[in-house]
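Containing mmCIF, C-alpha atoms: model_32.cif.
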data_input
#
loop_
_atom_site.group_PDB
_atom_site.id
_atom_site.type_symbol
_atom_site.label_atom_id
_atom_site.label_comp_id
_atom_site.auth_asym_id
_atom_site.auth_seq_id
_atom_site.Cartn_x
_atom_site.Cartn_y
_atom_site.Cartn_z
ATOM 1 C CA MET A 3 -40.217 165.223 146.623
ATOM 2 C CA LYS A 4 -37.409 163.305 144.971
ATOM 3 C CA ILE A 5 -38.104 160.031 143.202
ATOM 4 C CA TYR A 6 -35.047 158.412 144.732
ATOM 5 C CA THR A 7 -34.511 157.972 148.466
ATOM 6 C CA LYS A 8 -31.444 155.698 148.552
ATOM 7 C CA THR A 9 -33.080 153.767 151.402
ATOM 8 C CA GLY A 10 -33.164 150.592 149.288
ATOM 9 C CA ASP A 11 -29.537 150.688 148.213
ATOM 10 C CA LYS A 12 -28.609 147.953 150.678
ATOM 11 C CA GLY A 13 -31.243 145.508 149.421
ATOM 12 C CA THR A 14 -34.173 146.284 151.697
ATOM 13 C CA SER A 15 -37.408 148.122 151.155
ATOM 14 C CA GLY A 16 -40.025 149.568 153.469
ATOM 15 C CA LEU A 17 -43.637 148.552 153.964
ATOM 16 C CA TYR A 18 -46.549 150.837 154.805
ATOM 17 C CA ASN A 19 -46.285 149.911 158.493
ATOM 18 C CA GLY A 20 -42.640 151.066 158.568
ATOM 19 C CA GLU A 21 -41.170 147.571 158.651
ATOM 20 C CA ARG A 22 -38.167 146.959 156.379
ATOM 21 C CA ARG A 23 -37.699 143.656 154.594
ATOM 22 C CA ASN A 24 -35.308 142.225 152.045
ATOM 23 C CA LYS A 25 -36.296 143.070 148.482
ATOM 24 C CA GLU A 26 -36.663 139.371 147.634
ATOM 25 C CA ASP A 27 -39.233 138.904 150.414
ATOM 26 C CA PRO A 28 -42.465 137.227 149.250
ATOM 27 C CA ILE A 29 -44.362 140.442 149.985
ATOM 28 C CA PHE A 30 -42.223 142.341 147.481
ATOM 29 C CA GLU A 31 -42.558 139.497 144.968
ATOM 30 C CA ALA A 32 -46.340 139.907 145.212
ATOM 31 C CA LEU A 33 -46.125 143.702 145.016
ATOM 32 C CA GLY A 34 -43.816 143.553 142.011
ATOM 33 C CA THR A 35 -46.087 141.143 140.193
ATOM 34 C CA THR A 36 -49.207 143.240 140.786
ATOM 35 C CA ASP A 37 -47.238 146.278 139.588
ATOM 36 C CA GLU A 38 -46.225 144.362 136.468
ATOM 37 C CA LEU A 39 -49.884 143.436 135.965
ATOM 38 C CA THR A 40 -50.921 147.087 136.162
ATOM 39 C CA SER A 41 -48.316 147.950 133.525
ATOM 40 C CA HIS A 42 -49.599 145.263 131.159
ATOM 41 C CA LEU A 43 -53.108 146.584 131.713
ATOM 42 C CA GLY A 44 -51.842 150.046 130.779
ATOM 43 C CA LEU A 45 -50.663 148.678 127.443
ATOM 44 C CA ALA A 46 -53.953 146.829 126.947
ATOM 45 C CA LEU A 47 -55.759 150.073 127.724
ATOM 46 C CA VAL A 48 -53.925 151.853 124.898
ATOM 47 C CA TYR A 49 -54.967 149.132 122.438
ATOM 48 C CA LEU A 50 -58.561 149.116 123.716
ATOM 49 C CA GLU A 51 -58.789 152.886 123.330
ATOM 50 C CA GLU A 52 -57.332 152.704 119.820
ATOM 51 C CA ALA A 53 -59.982 150.099 118.971
ATOM 52 C CA GLY A 54 -62.750 152.236 120.466
ATOM 53 C CA ILE A 55 -63.772 149.620 123.032
ATOM 54 C CA GLU A 56 -64.832 152.200 125.577
ATOM 55 C CA THR A 57 -66.655 150.103 128.176
ATOM 56 C CA THR A 58 -63.722 147.738 128.643
ATOM 57 C CA SER A 59 -61.304 150.681 128.639
ATOM 58 C CA ASN A 60 -63.216 152.268 131.513
ATOM 59 C CA GLN A 61 -63.285 148.968 133.390
ATOM 60 C CA ILE A 62 -59.526 148.490 132.969
ATOM 61 C CA GLU A 63 -58.910 151.964 134.422
ATOM 62 C CA GLN A 64 -61.022 151.039 137.445
ATOM 63 C CA ILE A 65 -59.128 147.766 137.790
ATOM 64 C CA GLN A 66 -55.797 149.612 137.719
ATOM 65 C CA ARG A 67 -56.998 151.794 140.601
ATOM 66 C CA CYS A 68 -58.178 148.699 142.427
ATOM 67 C CA LEU A 69 -54.769 147.089 141.967
ATOM 68 C CA GLN A 70 -53.251 150.076 143.777
ATOM 69 C CA ASP A 71 -55.530 149.139 146.689
ATOM 70 C CA VAL A 72 -54.417 145.518 146.347
ATOM 71 C CA GLY A 73 -50.820 146.730 146.653
ATOM 72 C CA SER A 74 -51.643 148.797 149.732
ATOM 73 C CA ASN A 75 -53.179 145.754 151.372
ATOM 74 C CA ILE A 76 -50.185 143.548 150.533
ATOM 75 C CA ALA A 77 -47.767 146.236 151.792
ATOM 76 C CA THR A 78 -49.507 146.285 155.186
ATOM 77 C CA PRO A 79 -48.967 142.914 156.889
ATOM 78 C CA ARG A 80 -52.221 142.273 158.714
ATOM 79 C CA GLU A 81 -50.743 140.845 161.919
ATOM 80 C CA LYS A 82 -47.987 143.460 162.238
ATOM 81 C CA SER A 83 -49.815 146.738 161.554
ATOM 82 C CA ASN A 84 -51.873 149.085 163.696
ATOM 83 C CA GLN A 85 -55.653 149.398 163.404
ATOM 84 C CA VAL A 86 -55.538 152.726 161.561
ATOM 85 C CA ARG A 87 -53.344 151.310 158.806
ATOM 86 C CA LEU A 88 -55.363 148.099 158.650
ATOM 87 C CA ALA A 89 -58.597 150.052 158.231
ATOM 88 C CA ARG A 90 -57.065 152.324 155.596
ATOM 89 C CA THR A 91 -55.832 149.369 153.513
ATOM 90 C CA ALA A 92 -58.671 146.855 153.993
ATOM 91 C CA PHE A 93 -59.730 145.435 150.625
ATOM 92 C CA ASP A 94 -63.448 145.628 149.925
ATOM 93 C CA GLU A 95 -64.976 142.355 148.709
ATOM 94 C CA SER A 96 -67.447 144.288 146.540
ATOM 95 C CA HIS A 97 -64.673 144.726 143.948
ATOM 96 C CA THR A 98 -64.870 141.003 143.204
ATOM 97 C CA LYS A 99 -68.640 141.193 142.707
ATOM 98 C CA GLN A 100 -68.103 144.057 140.261
ATOM 99 C CA LEU A 101 -65.765 141.858 138.199
ATOM 100 C CA GLU A 102 -68.370 139.084 138.185
ATOM 101 C CA ASP A 103 -71.027 141.495 136.931
ATOM 102 C CA TRP A 104 -68.746 142.696 134.132
ATOM 103 C CA ILE A 105 -67.900 139.111 133.171
ATOM 104 C CA ASP A 106 -71.589 138.199 133.005
ATOM 105 C CA GLU A 107 -72.380 141.240 130.827
ATOM 106 C CA MET A 108 -69.583 140.492 128.347
ATOM 107 C CA ASP A 109 -70.367 136.790 128.302
ATOM 108 C CA LYS A 110 -73.913 137.506 127.075
ATOM 109 C CA THR A 111 -72.461 138.864 123.821
ATOM 110 C CA LEU A 112 -69.898 136.119 123.170
ATOM 111 C CA PRO A 113 -70.293 132.888 121.259
ATOM 112 C CA PRO A 114 -70.206 129.838 123.540
ATOM 113 C CA LEU A 115 -66.759 128.510 124.294
ATOM 114 C CA LYS A 116 -66.514 124.992 122.831
ATOM 115 C CA ALA A 117 -62.746 124.499 122.700
ATOM 116 C CA PHE A 118 -59.558 125.886 124.183
ATOM 117 C CA ILE A 119 -58.464 129.113 122.554
ATOM 118 C CA LEU A 120 -54.934 130.328 122.092
ATOM 119 C CA PRO A 121 -53.986 133.904 122.981
ATOM 120 C CA SER A 122 -54.878 135.789 119.804
ATOM 121 C CA GLY A 123 -57.648 138.011 118.456
ATOM 122 C CA GLY A 124 -55.818 141.275 117.776
ATOM 123 C CA ARG A 125 -53.503 143.461 119.832
ATOM 124 C CA ALA A 126 -56.008 144.373 122.556
ATOM 125 C CA SER A 127 -57.085 140.770 123.015
ATOM 126 C CA ALA A 128 -53.567 139.317 122.956
ATOM 127 C CA THR A 129 -52.347 141.931 125.445
ATOM 128 C CA LEU A 130 -55.248 141.138 127.774
ATOM 129 C CA HIS A 131 -54.203 137.464 127.579
ATOM 130 C CA VAL A 132 -50.660 138.449 128.615
ATOM 131 C CA ALA A 133 -52.135 140.434 131.516
ATOM 132 C CA ARG A 134 -54.207 137.361 132.446
ATOM 133 C CA THR A 135 -51.095 135.199 132.751
ATOM 134 C CA VAL A 136 -49.342 137.826 134.878
ATOM 135 C CA CYS A 137 -52.501 138.008 137.001
ATOM 136 C CA ARG A 138 -52.314 134.253 137.562
ATOM 137 C CA ARG A 139 -48.713 134.663 138.730
ATOM 138 C CA ALA A 140 -49.775 137.475 141.058
ATOM 139 C CA GLU A 141 -52.430 135.191 142.478
ATOM 140 C CA ARG A 142 -49.805 132.485 143.086
ATOM 141 C CA ARG A 143 -47.657 135.064 144.918
ATOM 142 C CA VAL A 144 -50.556 136.380 147.027
ATOM 143 C CA HIS A 145 -52.213 133.139 148.170
ATOM 144 C CA PRO A 146 -49.318 132.147 150.482
ATOM 145 C CA LEU A 147 -49.460 135.635 152.028
ATOM 146 C CA ALA A 148 -53.206 135.322 152.587
ATOM 147 C CA ARG A 149 -52.754 131.888 154.179
ATOM 148 C CA GLU A 150 -50.220 133.435 156.583
ATOM 149 C CA HIS A 151 -52.631 136.340 157.302
ATOM 150 C CA LEU A 152 -50.185 138.856 155.873
ATOM 151 C CA CYS A 153 -52.843 140.198 153.496
ATOM 152 C CA ASP A 154 -56.621 139.937 153.284
ATOM 153 C CA GLU A 155 -58.028 136.791 151.692
ATOM 154 C CA SER A 156 -60.279 139.087 149.642
ATOM 155 C CA VAL A 157 -57.161 140.208 147.722
ATOM 156 C CA ALA A 158 -56.398 136.638 146.618
ATOM 157 C CA ILE A 159 -60.029 136.066 145.654
ATOM 158 C CA TYR A 160 -60.064 139.311 143.669
ATOM 159 C CA LEU A 161 -56.976 138.272 141.687
ATOM 160 C CA ASN A 162 -58.556 134.907 140.930
ATOM 161 C CA ARG A 163 -61.676 136.581 139.588
ATOM 162 C CA LEU A 164 -59.611 139.200 137.764
ATOM 163 C CA SER A 165 -57.922 136.502 135.689
ATOM 164 C CA ASP A 166 -61.408 135.260 134.712
ATOM 165 C CA TYR A 167 -62.366 138.824 133.823
ATOM 166 C CA LEU A 168 -59.227 139.283 131.704
ATOM 167 C CA PHE A 169 -59.912 136.052 129.801
ATOM 168 C CA THR A 170 -63.466 137.191 129.074
ATOM 169 C CA ALA A 171 -62.340 140.735 128.225
ATOM 170 C CA ALA A 172 -59.784 139.322 125.762
ATOM 171 C CA ARG A 173 -62.518 137.328 124.044
ATOM 172 C CA PHE A 174 -64.814 140.362 124.117
ATOM 173 C CA ALA A 175 -62.159 142.585 122.522
ATOM 174 C CA ALA A 176 -61.538 140.047 119.756
ATOM 175 C CA HIS A 177 -65.271 139.664 119.137
ATOM 176 C CA THR A 178 -65.910 143.417 119.181
ATOM 177 C CA GLN A 179 -63.105 144.026 116.679
ATOM 178 C CA GLY A 180 -64.158 141.123 114.478
ATOM 179 C CA CYS A 181 -60.811 139.397 115.011
ATOM 180 C CA GLU A 182 -60.558 135.637 114.883
ATOM 181 C CA GLU A 183 -59.683 133.739 118.033
ATOM 182 C CA LYS A 184 -57.287 130.901 117.310
ATOM 183 C CA ILE A 185 -58.708 127.541 118.395
ATOM 184 C CA TYR A 186 -56.355 124.974 119.905
ATOM 185 C CA LYS A 187 -55.926 121.912 117.709
ATOM 186 C CA LYS A 188 -53.725 119.007 118.695
ATOM 187 C CA PHE A 189 -50.897 118.234 116.286
#
Turn the structure described in the file into structure tokens.
Amino acid sequence: MKIYTKTGDKGTSGLYNGERRNKEDPIFEALGTTDELTSHLGLALVYLEEAGIETTSNQIEQIQRCLQDVGSNIATPREKSNQVRLARTAFDESHTKQLEDWIDEMDKTLPPLKAFILPSGGRASATLHVARTVCRRAERRVHPLAREHLCDESVAIYLNRLSDYLFTAARFAAHTQGCEEKIYKKF
């Protein structure tokens, strides 16, 4: 199989249901942003592995797989796809509960948050903060699609919780490595 198909050379791209849309379509904006998020998580994963933060590394790998499922759901407009494709790409709400459990476990080990923190705390932590901001953008791209029933609402909820997870994971990485988190102070 070749990596290039030339089918997008005229500015359109295909969805899982066979429909073609312009590349600047909101669906492709959402897909591109979740893809960008996965790439940032890949970089964070390298830094987490280098730091020996194994539990978070394993969680990030699972999240990257989950984001592939998020992409499948987004690429299959709910009102314009057949039942087989809808069933194959349905997004399981249990993924959000898993994030909540991981957040709660990490939070038990962290000092209480008493002020705003600035992205900092070492390479793994700072990279997770970058991923968090991209995740927030992905959420902003997905919510309009969910409102229009083009993707499952569970995808938007997952991205919201994922940004919370990434914030907590960034703090956890900094704490685990003994790196200082920079506290916001007004000038």
Using Å and a single decimal, report how far CA of Trp104 (chain A) sits from CA of Lys184 (chain A).
23.5 Å
Residues near Pro146 (chain A), anyone? I mean within 10 Å using all atoms listed in the file, not counting same-chain ones fewer than 3 positions away, as a PyMOL selection string.
chain A and resi 28-29+32+141-143+149-153+155+158
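Between CA of Gly34 (chain A) and CA of Asp11 (chain A) lies a distance of 17.1 Å.
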The PyMOL selection byres ((chain A and resi 107) around 12) resolved against shown file, as a ChimeraX atom specification
/A:57-58,100-106,108-112,167,170-171,174
What's the separation between CA of Leu33 (chain A) and CA of Ile65 (chain A), in Å to one decimal place?
15.4 Å
When distances are computed from all atoms listed in the file, which of A:Lys188, A:His42, A:Lys8, A:Arg87 shows the smallest separation from Leu130 (chain A)?
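Closest to Leu130 (chain A) of all the choices is A:His42.
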If the PyMOL selection byres ((chain A and resi 159-166) around 6) is run on the structure shown, which residues does it catch, given as a list in words?
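What the PyMOL selection byres ((chain A and resi 159-166) around 6) grabs from the file is Thr98, Arg134, Cys137, Glu141, Ser156, Val157, Ala158, Tyr167, Leu168 and Phe169 of chain A.
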Give as a ChimeraX atom specification the set of residues within 10 Å of the point (-52.2, 147.8, 144.4), where distances use the file's coordinates and all atoms listed in the file.
/A:32-37,39-40,65-77,91,157
Kindly resolve the PyMOL selection byres ((chain A and resi 187) around 10) on the present coordinates and return the residues as a PyMOL selection string.
chain A and resi 117-120+184-186+188-189
